[in-house]
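work37.cif follows (mmCIF, C-alpha atoms):
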```cif
data_protein
#
loop_
_atom_site.group_PDB
_atom_site.id
_atom_site.type_symbol
_atom_site.label_atom_id
_atom_site.label_comp_id
_atom_site.auth_asym_id
_atom_site.auth_seq_id
_atom_site.Cartn_x
_atom_site.Cartn_y
_atom_site.Cartn_z
ATOM 1 C CA MET R 1 -152.550 -123.758 -126.548
ATOM 2 C CA LYS R 2 -150.777 -124.111 -123.203
ATOM 3 C CA GLN R 3 -147.353 -125.737 -122.979
ATOM 4 C CA ILE R 4 -145.954 -128.297 -120.530
ATOM 5 C CA LEU R 5 -142.266 -129.237 -120.496
ATOM 6 C CA VAL R 6 -141.439 -132.656 -119.043
ATOM 7 C CA LEU R 7 -137.886 -133.508 -118.002
ATOM 8 C CA GLY R 8 -137.136 -137.214 -118.473
ATOM 9 C CA GLU R 9 -134.244 -139.615 -118.031
ATOM 10 C CA GLY R 10 -133.805 -140.693 -121.620
ATOM 11 C CA GLN R 11 -135.214 -141.666 -124.989
ATOM 12 C CA THR R 12 -137.797 -144.068 -123.556
ATOM 13 C CA GLU R 13 -139.493 -141.277 -121.641
ATOM 14 C CA GLU R 14 -139.133 -138.983 -124.634
ATOM 15 C CA ARG R 15 -140.977 -141.444 -126.892
ATOM 16 C CA PHE R 16 -143.632 -142.089 -124.233
ATOM 17 C CA VAL R 17 -144.376 -138.374 -124.017
ATOM 18 C CA LYS R 18 -144.500 -137.930 -127.788
ATOM 19 C CA ASP R 19 -146.386 -141.114 -128.684
ATOM 20 C CA VAL R 20 -148.757 -141.480 -125.733
ATOM 21 C CA LEU R 21 -149.136 -138.242 -123.778
ATOM 22 C CA GLN R 22 -148.994 -135.694 -126.602
ATOM 23 C CA PRO R 23 -152.016 -136.958 -128.590
ATOM 24 C CA HIS R 24 -154.073 -137.253 -125.404
ATOM 25 C CA LEU R 25 -153.283 -133.782 -124.050
ATOM 26 C CA TRP R 26 -153.887 -132.039 -127.359
ATOM 27 C CA GLY R 27 -157.553 -132.727 -126.672
ATOM 28 C CA PHE R 28 -157.229 -130.538 -123.557
ATOM 29 C CA GLY R 29 -155.593 -127.680 -125.445
ATOM 30 C CA ILE R 30 -152.173 -128.603 -124.074
ATOM 31 C CA HIS R 31 -148.901 -129.308 -125.876
ATOM 32 C CA ILE R 32 -146.507 -131.399 -123.798
ATOM 33 C CA GLU R 33 -142.892 -131.440 -124.923
ATOM 34 C CA PRO R 34 -140.207 -133.841 -123.631
ATOM 35 C CA LYS R 35 -136.737 -132.729 -122.614
ATOM 36 C CA ILE R 36 -133.968 -135.222 -121.836
ATOM 37 C CA LEU R 37 -131.839 -134.567 -118.764
ATOM 38 C CA VAL R 38 -128.393 -133.231 -119.686
ATOM 39 C CA THR R 39 -125.702 -135.231 -117.906
ATOM 40 C CA LYS R 40 -122.742 -133.198 -119.159
ATOM 41 C CA ARG R 41 -122.585 -129.837 -120.890
ATOM 42 C CA VAL R 42 -119.768 -129.177 -123.338
ATOM 43 C CA LYS R 43 -118.550 -125.938 -124.910
ATOM 44 C CA SER R 44 -118.600 -127.315 -128.455
ATOM 45 C CA GLY R 45 -120.695 -130.141 -129.861
ATOM 46 C CA PRO R 46 -123.817 -131.736 -128.431
ATOM 47 C CA ASP R 47 -124.355 -132.164 -124.697
ATOM 48 C CA PHE R 48 -124.398 -135.657 -123.188
ATOM 49 C CA LYS R 49 -127.926 -136.690 -122.223
ATOM 50 C CA GLY R 50 -129.707 -139.449 -120.307
ATOM 51 C CA GLY R 51 -129.629 -140.998 -116.839
ATOM 52 C CA ILE R 52 -129.440 -139.414 -113.391
ATOM 53 C CA SER R 53 -126.257 -139.393 -111.339
ATOM 54 C CA SER R 54 -126.994 -136.457 -109.023
ATOM 55 C CA TYR R 55 -129.788 -134.158 -107.931
ATOM 56 C CA ALA R 56 -127.650 -131.194 -108.990
ATOM 57 C CA GLN R 57 -128.215 -132.242 -112.623
ATOM 58 C CA VAL R 58 -131.958 -132.442 -112.136
ATOM 59 C CA LYS R 59 -132.162 -129.111 -110.335
ATOM 60 C CA ALA R 60 -130.065 -127.309 -112.946
ATOM 61 C CA ASP R 61 -132.140 -128.562 -115.872
ATOM 62 C CA SER R 62 -135.417 -127.926 -114.042
ATOM 63 C CA ARG R 63 -134.421 -124.325 -113.359
ATOM 64 C CA LEU R 64 -133.412 -123.887 -116.977
ATOM 65 C CA LEU R 65 -136.823 -125.107 -118.152
ATOM 66 C CA LEU R 66 -138.576 -122.864 -115.634
ATOM 67 C CA SER R 67 -136.793 -119.872 -117.154
ATOM 68 C CA ALA R 68 -139.025 -120.269 -120.227
ATOM 69 C CA THR R 69 -141.731 -117.908 -119.004
ATOM 70 C CA HIS R 70 -144.187 -118.867 -121.762
ATOM 71 C CA THR R 71 -144.404 -122.402 -120.336
ATOM 72 C CA SER R 72 -147.414 -123.126 -118.129
ATOM 73 C CA LEU R 73 -145.867 -126.054 -116.237
ATOM 74 C CA VAL R 74 -142.576 -127.923 -115.854
ATOM 75 C CA THR R 75 -142.766 -131.499 -114.625
ATOM 76 C CA THR R 76 -140.534 -134.579 -114.408
ATOM 77 C CA LEU R 77 -140.767 -138.185 -115.549
ATOM 78 C CA PHE R 78 -138.180 -140.155 -113.574
ATOM 79 C CA ASP R 79 -138.111 -143.655 -112.109
ATOM 80 C CA LEU R 80 -138.481 -143.823 -108.335
ATOM 81 C CA TYR R 81 -136.134 -146.818 -108.393
ATOM 82 C CA GLY R 82 -132.453 -145.933 -108.455
ATOM 83 C CA LEU R 83 -132.706 -142.217 -107.640
ATOM 84 C CA PRO R 84 -129.473 -140.577 -106.426
ATOM 85 C CA THR R 85 -129.112 -140.353 -102.671
ATOM 86 C CA ASP R 86 -128.727 -136.568 -102.680
ATOM 87 C CA MET R 87 -132.369 -136.025 -103.629
ATOM 88 C CA PRO R 88 -134.145 -133.718 -101.136
ATOM 89 C CA ASP R 89 -135.633 -135.738 -98.244
ATOM 90 C CA TYR R 90 -134.098 -138.962 -99.599
ATOM 91 C CA ALA R 91 -133.438 -140.393 -96.119
ATOM 92 C CA PRO R 92 -136.918 -139.661 -94.671
ATOM 93 C CA ALA R 93 -138.503 -141.143 -97.794
ATOM 94 C CA LEU R 94 -136.841 -144.497 -97.095
ATOM 95 C CA GLY R 95 -139.213 -144.910 -94.168
ATOM 96 C CA VAL R 96 -142.216 -145.324 -96.460
ATOM 97 C CA ALA R 97 -142.861 -147.389 -99.570
ATOM 98 C CA GLY R 98 -144.245 -147.099 -103.072
ATOM 99 C CA ALA R 99 -146.425 -144.132 -103.940
ATOM 100 C CA ALA R 100 -146.039 -142.718 -100.418
ATOM 101 C CA ARG R 101 -142.261 -142.550 -100.931
ATOM 102 C CA ALA R 102 -142.737 -140.931 -104.325
ATOM 103 C CA LYS R 103 -144.979 -138.260 -102.815
ATOM 104 C CA VAL R 104 -142.441 -137.408 -100.112
ATOM 105 C CA LEU R 105 -139.724 -136.934 -102.728
ATOM 106 C CA GLU R 106 -142.023 -135.044 -105.101
ATOM 107 C CA ARG R 107 -143.069 -132.590 -102.399
ATOM 108 C CA ALA R 108 -139.463 -132.099 -101.307
ATOM 109 C CA MET R 109 -138.217 -131.463 -104.819
ATOM 110 C CA SER R 110 -141.060 -129.093 -105.628
ATOM 111 C CA ALA R 111 -140.359 -127.153 -102.423
ATOM 112 C CA ASP R 112 -136.649 -127.013 -103.231
ATOM 113 C CA LEU R 113 -137.335 -125.565 -106.687
ATOM 114 C CA GLY R 114 -139.468 -122.895 -105.042
ATOM 115 C CA ASN R 115 -142.000 -122.467 -107.823
ATOM 116 C CA PRO R 116 -145.085 -124.465 -106.776
ATOM 117 C CA ARG R 117 -147.372 -122.833 -109.321
ATOM 118 C CA ARG R 118 -145.252 -123.838 -112.319
ATOM 119 C CA PHE R 119 -143.348 -126.932 -111.146
ATOM 120 C CA HIS R 120 -144.753 -130.407 -110.435
ATOM 121 C CA ALA R 121 -142.258 -133.188 -109.698
ATOM 122 C CA PHE R 122 -143.344 -136.720 -110.628
ATOM 123 C CA PHE R 123 -141.690 -140.128 -110.145
ATOM 124 C CA MET R 124 -142.888 -143.377 -111.723
ATOM 125 C CA VAL R 125 -143.554 -146.016 -109.061
ATOM 126 C CA HIS R 126 -141.271 -147.861 -109.040
ATOM 127 C CA GLU R 127 -140.103 -147.471 -112.615
ATOM 128 C CA TYR R 128 -141.286 -147.179 -116.187
ATOM 129 C CA GLU R 129 -141.592 -150.946 -116.707
ATOM 130 C CA ALA R 130 -144.499 -151.075 -114.257
ATOM 131 C CA VAL R 131 -146.573 -149.890 -117.230
ATOM 132 C CA LEU R 132 -145.838 -153.141 -119.057
ATOM 133 C CA TYR R 133 -147.626 -155.061 -116.286
ATOM 134 C CA CYS R 134 -150.899 -153.276 -117.054
ATOM 135 C CA ASP R 135 -151.532 -155.694 -119.928
ATOM 136 C CA PRO R 136 -149.708 -159.007 -119.406
ATOM 137 C CA ARG R 137 -151.078 -160.528 -122.592
ATOM 138 C CA GLY R 138 -150.163 -157.574 -124.775
ATOM 139 C CA THR R 139 -146.673 -157.342 -123.289
ATOM 140 C CA ALA R 140 -145.960 -161.058 -123.615
ATOM 141 C CA GLU R 141 -147.168 -161.107 -127.210
ATOM 142 C CA ALA R 142 -145.231 -157.947 -128.151
ATOM 143 C CA LEU R 143 -142.051 -159.542 -126.808
ATOM 144 C CA ALA R 144 -142.757 -162.819 -128.665
ATOM 145 C CA ARG R 145 -143.100 -164.965 -125.527
ATOM 146 C CA PRO R 146 -146.872 -165.369 -125.033
ATOM 147 C CA GLU R 147 -146.268 -168.243 -122.618
ATOM 148 C CA HIS R 148 -145.107 -165.699 -120.010
ATOM 149 C CA GLU R 149 -148.460 -163.905 -119.828
ATOM 150 C CA ALA R 150 -149.482 -165.878 -116.748
ATOM 151 C CA THR R 151 -146.243 -165.051 -114.936
ATOM 152 C CA LEU R 152 -146.660 -161.320 -115.572
ATOM 153 C CA ALA R 153 -150.257 -161.443 -114.380
ATOM 154 C CA ALA R 154 -149.326 -163.411 -111.262
ATOM 155 C CA GLU R 155 -146.541 -160.978 -110.325
ATOM 156 C CA ARG R 156 -148.851 -158.001 -110.777
ATOM 157 C CA ASP R 157 -151.697 -159.590 -108.826
ATOM 158 C CA ALA R 158 -149.409 -160.694 -105.998
ATOM 159 C CA ALA R 159 -148.176 -157.114 -105.591
ATOM 160 C CA GLY R 160 -151.678 -155.637 -105.804
ATOM 161 C CA SER R 161 -151.005 -153.325 -108.745
ATOM 162 C CA PRO R 162 -148.226 -152.599 -111.266
ATOM 163 C CA GLU R 163 -147.041 -149.696 -109.104
ATOM 164 C CA ASP R 164 -146.724 -151.961 -106.059
ATOM 165 C CA ILE R 165 -144.227 -154.370 -107.636
ATOM 166 C CA ASN R 166 -141.267 -153.925 -105.305
ATOM 167 C CA ASP R 167 -138.001 -152.159 -105.912
ATOM 168 C CA GLY R 168 -135.547 -154.806 -104.756
ATOM 169 C CA ARG R 169 -132.236 -154.911 -106.612
ATOM 170 C CA LEU R 170 -133.172 -158.174 -108.335
ATOM 171 C CA THR R 171 -136.959 -157.812 -108.296
ATOM 172 C CA HIS R 172 -137.752 -154.334 -109.587
ATOM 173 C CA PRO R 173 -140.015 -154.333 -112.673
ATOM 174 C CA SER R 174 -137.366 -154.022 -115.402
ATOM 175 C CA GLN R 175 -135.272 -156.788 -113.824
ATOM 176 C CA ARG R 176 -138.316 -159.071 -113.792
ATOM 177 C CA ILE R 177 -139.081 -158.210 -117.419
ATOM 178 C CA LEU R 178 -135.506 -158.943 -118.504
ATOM 179 C CA LYS R 179 -135.550 -162.285 -116.707
ATOM 180 C CA LEU R 180 -138.622 -163.358 -118.688
ATOM 181 C CA PHE R 181 -137.750 -161.548 -121.918
ATOM 182 C CA PRO R 182 -133.974 -161.295 -122.448
ATOM 183 C CA ASN R 183 -134.647 -159.578 -125.785
ATOM 184 C CA TYR R 184 -136.357 -156.622 -124.079
ATOM 185 C CA ARG R 185 -134.791 -153.265 -124.891
ATOM 186 C CA ARG R 186 -136.327 -150.331 -123.059
ATOM 187 C CA ARG R 187 -135.903 -147.714 -125.792
ATOM 188 C CA LEU R 188 -137.149 -150.042 -128.523
ATOM 189 C CA TYR R 189 -140.072 -151.808 -126.862
ATOM 190 C CA GLY R 190 -141.066 -149.684 -123.872
ATOM 191 C CA PRO R 191 -142.894 -146.833 -125.642
ATOM 192 C CA GLN R 192 -144.341 -149.157 -128.285
ATOM 193 C CA ILE R 193 -145.923 -151.462 -125.725
ATOM 194 C CA ALA R 194 -147.217 -148.530 -123.643
ATOM 195 C CA SER R 195 -148.834 -147.064 -126.756
ATOM 196 C CA ASN R 196 -150.527 -150.388 -127.487
ATOM 197 C CA ILE R 197 -151.785 -150.661 -123.900
ATOM 198 C CA GLY R 198 -153.295 -147.167 -123.955
ATOM 199 C CA LEU R 199 -153.642 -144.453 -121.334
ATOM 200 C CA SER R 200 -157.071 -145.536 -120.120
ATOM 201 C CA THR R 201 -155.716 -148.924 -119.024
ATOM 202 C CA ILE R 202 -152.538 -147.458 -117.547
ATOM 203 C CA ARG R 203 -154.326 -144.832 -115.472
ATOM 204 C CA ALA R 204 -156.894 -147.382 -114.266
ATOM 205 C CA GLN R 205 -154.174 -149.653 -112.846
ATOM 206 C CA CYS R 206 -151.576 -147.073 -111.761
ATOM 207 C CA PRO R 207 -153.229 -144.578 -109.377
ATOM 208 C CA HIS R 208 -150.109 -142.492 -108.751
ATOM 209 C CA PHE R 209 -149.628 -142.067 -112.486
ATOM 210 C CA ALA R 210 -153.346 -141.324 -112.829
ATOM 211 C CA ASP R 211 -153.108 -138.478 -110.301
ATOM 212 C CA TRP R 212 -150.235 -136.946 -112.258
ATOM 213 C CA LEU R 213 -152.028 -137.249 -115.573
ATOM 214 C CA SER R 214 -155.132 -135.607 -114.081
ATOM 215 C CA ALA R 215 -152.964 -132.731 -112.831
ATOM 216 C CA LEU R 216 -151.566 -132.260 -116.333
ATOM 217 C CA GLU R 217 -155.066 -132.247 -117.812
ATOM 218 C CA ARG R 218 -156.081 -129.488 -115.391
ATOM 219 C CA VAL R 219 -153.298 -127.159 -116.556
#
```
How does the structure come out when it is put into C-alpha coordinates?
Amino acid sequence: MKQILVLGEGQTEERFVKDVLQPHLWGFGIHIEPKILVTKRVKSGPDFKGGISSYAQVKADSRLLLSATHTSLVTTLFDLYGLPTDMPDYAPALGVAGAARAKVLERAMSADLGNPRRFHAFFMVHEYEAVLYCDPRGTAEALARPEHEATLAAERDAAGSPEDINDGRLTHPSQRILKLFPNYRRRLYGPQIASNIGLSTIRAQCPHFADWLSALERV
(Lines of atoms letter the chains of each structure in order from A and count residues from 1; the text may use other names and numbers.)
(Lines give C-alpha, C1' and ligand atoms only; values in the text may rest on other atoms or scores of the structure.)
Protein backbone atom coordinates (compact mmCIF):
# COMPACT_ATOMS: atom_id res chain seq x y z
CA MET A 1 0.00 0.00 0.00
CA LYS A 2 1.36 3.42 -0.97
CA GLN A 3 1.50 6.24 1.56
CA ILE A 4 0.56 9.92 1.26
CA LEU A 5 1.35 12.43 4.01
CA VAL A 6 -0.85 15.54 4.11
CA LEU A 7 0.23 18.61 6.06
CA GLY A 8 -2.77 20.51 7.46
CA GLU A 9 -3.47 23.57 9.57
CA GLY A 10 -5.17 21.90 12.49
CA GLN A 11 -7.52 19.31 13.93
CA THR A 12 -10.32 20.04 11.45
CA GLU A 13 -8.13 19.04 8.53
CA GLU A 14 -6.81 16.09 10.50
CA ARG A 15 -10.33 14.75 11.08
CA PHE A 16 -11.32 15.40 7.45
CA VAL A 17 -8.38 13.33 6.24
CA LYS A 18 -9.06 10.49 8.66
CA ASP A 19 -12.86 10.40 8.39
CA VAL A 20 -13.41 11.27 4.73
CA LEU A 21 -10.26 10.81 2.65
CA GLN A 22 -8.76 7.73 4.31
CA PRO A 23 -11.69 5.34 3.69
CA HIS A 24 -11.97 6.51 0.09
CA LEU A 25 -8.28 6.18 -0.78
CA TRP A 26 -7.93 2.75 0.80
CA GLY A 27 -9.92 1.54 -2.19
CA PHE A 28 -7.05 2.76 -4.41
CA GLY A 29 -4.39 0.99 -2.36
CA ILE A 30 -3.34 4.25 -0.72
CA HIS A 31 -3.02 5.17 2.96
CA ILE A 32 -3.23 8.91 3.55
CA GLU A 33 -2.01 10.16 6.91
CA PRO A 34 -2.57 13.68 8.30
CA LYS A 35 0.15 15.73 9.92
CA ILE A 36 -0.59 19.00 11.73
CA LEU A 37 1.72 21.93 11.06
CA VAL A 38 4.11 22.55 13.96
CA THR A 39 4.03 26.21 14.96
CA LYS A 40 6.72 26.00 17.64
CA ARG A 41 9.21 23.27 18.45
CA VAL A 42 10.34 22.84 22.04
CA LYS A 43 13.23 20.87 23.51
CA SER A 44 11.07 19.10 26.10
CA GLY A 45 7.36 18.38 25.97
CA PRO A 46 5.02 18.41 23.00
CA ASP A 47 5.42 20.85 20.12
CA PHE A 48 2.80 23.55 19.56
CA LYS A 49 0.65 22.77 16.53
CA GLY A 50 -1.98 24.44 14.35
CA GLY A 51 -2.35 27.59 12.26
CA ILE A 52 0.02 29.26 9.81
CA SER A 53 1.97 32.39 10.68
CA SER A 54 4.80 32.13 8.14
CA TYR A 55 5.87 30.21 5.06
CA ALA A 56 9.06 29.23 6.88
CA GLN A 57 6.94 26.96 9.12
CA VAL A 58 5.28 25.33 6.13
CA LYS A 59 8.54 24.82 4.27
CA ALA A 60 10.30 23.32 7.30
CA ASP A 61 7.54 20.81 8.00
CA SER A 62 7.16 19.94 4.31
CA ARG A 63 10.88 19.19 4.03
CA LEU A 64 10.72 17.08 7.16
CA LEU A 65 7.88 15.00 5.70
CA LEU A 66 9.73 14.65 2.40
CA SER A 67 12.67 13.14 4.28
CA ALA A 68 10.54 10.03 4.85
CA THR A 69 11.73 8.22 1.73
CA HIS A 70 9.11 5.46 2.00
CA THR A 71 6.35 8.03 1.38
CA SER A 72 5.02 8.23 -2.17
CA LEU A 73 3.68 11.79 -1.94
CA VAL A 74 3.59 14.77 0.43
CA THR A 75 0.76 17.24 -0.03
CA THR A 76 -0.87 20.12 1.86
CA LEU A 77 -4.38 20.97 3.00
CA PHE A 78 -4.43 24.69 3.79
CA ASP A 79 -7.02 27.43 3.34
CA LEU A 80 -6.31 29.87 0.52
CA TYR A 81 -7.90 32.58 2.67
CA GLY A 82 -5.56 34.13 5.22
CA LEU A 83 -2.25 32.73 3.94
CA PRO A 84 0.88 34.53 5.19
CA THR A 85 2.24 37.17 2.85
CA ASP A 86 5.66 35.53 2.58
CA MET A 87 4.30 32.62 0.54
CA PRO A 88 6.19 32.21 -2.76
CA ASP A 89 4.59 34.34 -5.51
CA TYR A 90 2.11 35.84 -3.02
CA ALA A 91 2.10 39.26 -4.72
CA PRO A 92 1.62 37.97 -8.31
CA ALA A 93 -1.18 35.70 -7.09
CA LEU A 94 -3.17 38.72 -5.89
CA GLY A 95 -3.76 39.61 -9.53
CA VAL A 96 -6.03 36.60 -10.05
CA ALA A 97 -8.92 35.14 -8.09
CA GLY A 98 -10.21 31.87 -6.72
CA ALA A 99 -8.83 28.63 -8.12
CA ALA A 100 -6.50 30.55 -10.46
CA ARG A 101 -4.86 32.19 -7.43
CA ALA A 102 -4.58 28.84 -5.68
CA LYS A 103 -2.84 27.33 -8.71
CA VAL A 104 -0.29 30.15 -8.86
CA LEU A 105 0.59 29.63 -5.20
CA GLU A 106 0.59 25.84 -5.50
CA ARG A 107 2.97 25.90 -8.45
CA ALA A 108 5.25 28.39 -6.69
CA MET A 109 5.39 26.38 -3.49
CA SER A 110 5.98 23.11 -5.31
CA ALA A 111 8.82 24.73 -7.28
CA ASP A 112 10.32 26.15 -4.10
CA LEU A 113 10.35 22.72 -2.43
CA GLY A 114 12.17 21.36 -5.47
CA ASN A 115 10.70 17.88 -5.44
CA PRO A 116 7.93 17.86 -8.08
CA ARG A 117 7.66 14.09 -8.21
CA ARG A 118 6.90 13.71 -4.50
CA PHE A 119 5.38 17.06 -3.49
CA HIS A 120 1.97 18.46 -4.47
CA ALA A 121 0.85 21.69 -2.79
CA PHE A 122 -2.91 22.18 -2.42
CA PHE A 123 -5.00 25.08 -1.07
CA MET A 124 -8.74 24.93 -0.38
CA VAL A 125 -10.59 27.65 -2.29
CA HIS A 126 -11.19 29.82 -0.41
CA GLU A 127 -11.31 27.85 2.82
CA TYR A 128 -12.52 24.63 4.37
CA GLU A 129 -16.04 25.95 5.05
CA ALA A 130 -16.75 26.07 1.32
CA VAL A 131 -17.42 22.34 1.69
CA LEU A 132 -20.39 23.09 3.94
CA TYR A 133 -22.08 24.92 1.05
CA CYS A 134 -22.16 21.73 -1.03
CA ASP A 135 -25.28 20.61 0.83
CA PRO A 136 -27.21 23.58 2.26
CA ARG A 137 -29.97 21.41 3.68
CA GLY A 138 -27.61 18.99 5.40
CA THR A 139 -25.51 21.80 6.85
CA ALA A 140 -28.49 23.78 8.12
CA GLU A 141 -30.02 20.71 9.72
CA ALA A 142 -26.72 19.59 11.29
CA LEU A 143 -26.36 23.03 12.88
CA ALA A 144 -29.98 22.98 14.12
CA ARG A 145 -31.13 25.96 12.04
CA PRO A 146 -32.98 24.42 9.06
CA GLU A 147 -34.54 27.79 8.26
CA HIS A 148 -31.15 28.96 6.94
CA GLU A 149 -31.00 26.37 4.15
CA ALA A 150 -32.32 28.86 1.60
CA THR A 151 -29.72 31.46 2.56
CA LEU A 152 -26.86 28.99 2.16
CA ALA A 153 -28.19 27.88 -1.21
CA ALA A 154 -28.65 31.46 -2.39
CA GLU A 155 -25.10 32.44 -1.39
CA ARG A 156 -23.65 29.42 -3.17
CA ASP A 157 -25.73 29.95 -6.31
CA ALA A 158 -24.93 33.67 -6.44
CA ALA A 159 -21.21 32.88 -6.36
CA GLY A 160 -21.50 30.09 -8.93
CA SER A 161 -20.01 27.33 -6.78
CA PRO A 162 -18.87 26.80 -3.17
CA GLU A 163 -15.27 27.50 -4.22
CA ASP A 164 -16.27 30.85 -5.75
CA ILE A 165 -17.69 32.32 -2.54
CA ASN A 166 -15.40 35.31 -2.08
CA ASP A 167 -12.64 35.84 0.42
CA GLY A 168 -13.54 39.26 1.77
CA ARG A 169 -12.71 39.87 5.42
CA LEU A 170 -16.38 39.78 6.40
CA THR A 171 -17.69 37.55 3.61
CA HIS A 172 -15.39 34.54 3.42
CA PRO A 173 -17.19 31.20 3.91
CA SER A 174 -16.52 30.65 7.63
CA GLN A 175 -17.57 34.22 8.45
CA ARG A 176 -20.84 33.69 6.58
CA ILE A 177 -21.40 30.38 8.39
CA LEU A 178 -20.78 31.97 11.79
CA LYS A 179 -23.20 34.79 11.02
CA LEU A 180 -25.98 32.28 10.33
CA PHE A 181 -24.91 29.69 12.90
CA PRO A 182 -23.21 31.28 15.93
CA ASN A 183 -22.92 27.81 17.48
CA TYR A 184 -20.65 26.59 14.66
CA ARG A 185 -17.30 25.26 15.85
CA ARG A 186 -14.95 24.23 13.07
CA ARG A 187 -13.24 21.34 14.86
CA LEU A 188 -16.52 19.93 16.18
CA TYR A 189 -18.86 20.31 13.21
CA GLY A 190 -16.65 20.76 10.14
CA PRO A 191 -15.46 17.17 9.63
CA GLN A 192 -18.80 15.71 10.74
CA ILE A 193 -20.78 17.70 8.20
CA ALA A 194 -18.25 16.97 5.42
CA SER A 195 -18.52 13.26 6.18
CA ASN A 196 -22.31 13.45 5.95
CA ILE A 197 -22.13 15.32 2.64
CA GLY A 198 -19.78 12.75 1.09
CA LEU A 199 -16.89 13.02 -1.34
CA SER A 200 -18.98 12.49 -4.47
CA THR A 201 -21.02 15.63 -3.76
CA ILE A 202 -17.99 17.66 -2.71
CA ARG A 203 -15.94 16.81 -5.79
CA ALA A 204 -18.92 17.45 -8.08
CA GLN A 205 -19.32 21.02 -6.77
CA CYS A 206 -15.69 21.93 -6.03
CA PRO A 207 -13.61 21.42 -9.20
CA HIS A 208 -10.30 22.54 -7.70
CA PHE A 209 -10.73 20.07 -4.87
CA ALA A 210 -11.78 17.43 -7.40
CA ASP A 211 -8.55 17.89 -9.37
CA TRP A 212 -6.52 17.39 -6.20
CA LEU A 213 -8.44 14.31 -5.17
CA SER A 214 -7.97 12.81 -8.65
CA ALA A 215 -4.22 13.45 -8.37
CA LEU A 216 -4.15 11.61 -5.05
CA GLU A 217 -6.05 8.68 -6.54
CA ARG A 218 -3.46 8.42 -9.32
CA VAL A 219 -0.57 8.03 -6.87
Please expand the PyMOL selection byres ((chain R and resi 139) around 12) into the concrete residues it hits in this file, giving the result as a VMD selection string. chain R and resid 129 to 138 140 to 153 177 180 to 181 184 189 to 197
Report, in Å with one decimal, the straight-line distance from CA of Leu178 in chain R to CA of Ala102 in chain R.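 A separation of 24.0 Å between them.
Note that CA of Pro116 in chain R and CA of Ala97 in chain R are 24.1 Å apart.
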What do you get, as a ChimeraX atom specification, if you spell out every residue that the PyMOL selection byres ((chain R and resi 218) around 12) selects here? /R:2,4,25,27-30,72-73,211-217,219
Target residues per the PyMOL selection byres ((chain R and resi 64) around 12), formatted as number ranges by chain: R: 5, 7, 35, 37-38, 57-63, 65-69, 71, 74, 113, 119
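Between CA of Arg203 in chain R and CA of His24 in chain R the interatomic distance comes to 12.5 Å.
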One residue among R:Leu83, R:Leu77, R:Ile202, R:Ala108 is nearest to Tyr55 in chain R when using all atoms listed in the file, and that residue is R:Leu83
Nearest-residue call for Met124 in chain R, choices R:His208, R:Lys18, R:Arg185, R:His70, using only C-alpha atoms: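 The closest residue to Met124 in chain R is R:His208.
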Please identify all polymer residues within 8 Å of range 172-175 of chain R, counting all atoms listed in the file, omitting same-chain residues fewer than 4 positions from it, and present them as number ranges by chain. R: 81, 126-130, 165-168, 179
Using only C-alpha atoms, can you tell me which of R:Pro34, R:Gly98, R:Gly10, R:Pro162 comes closest to Phe123 in chain R? R:Gly98
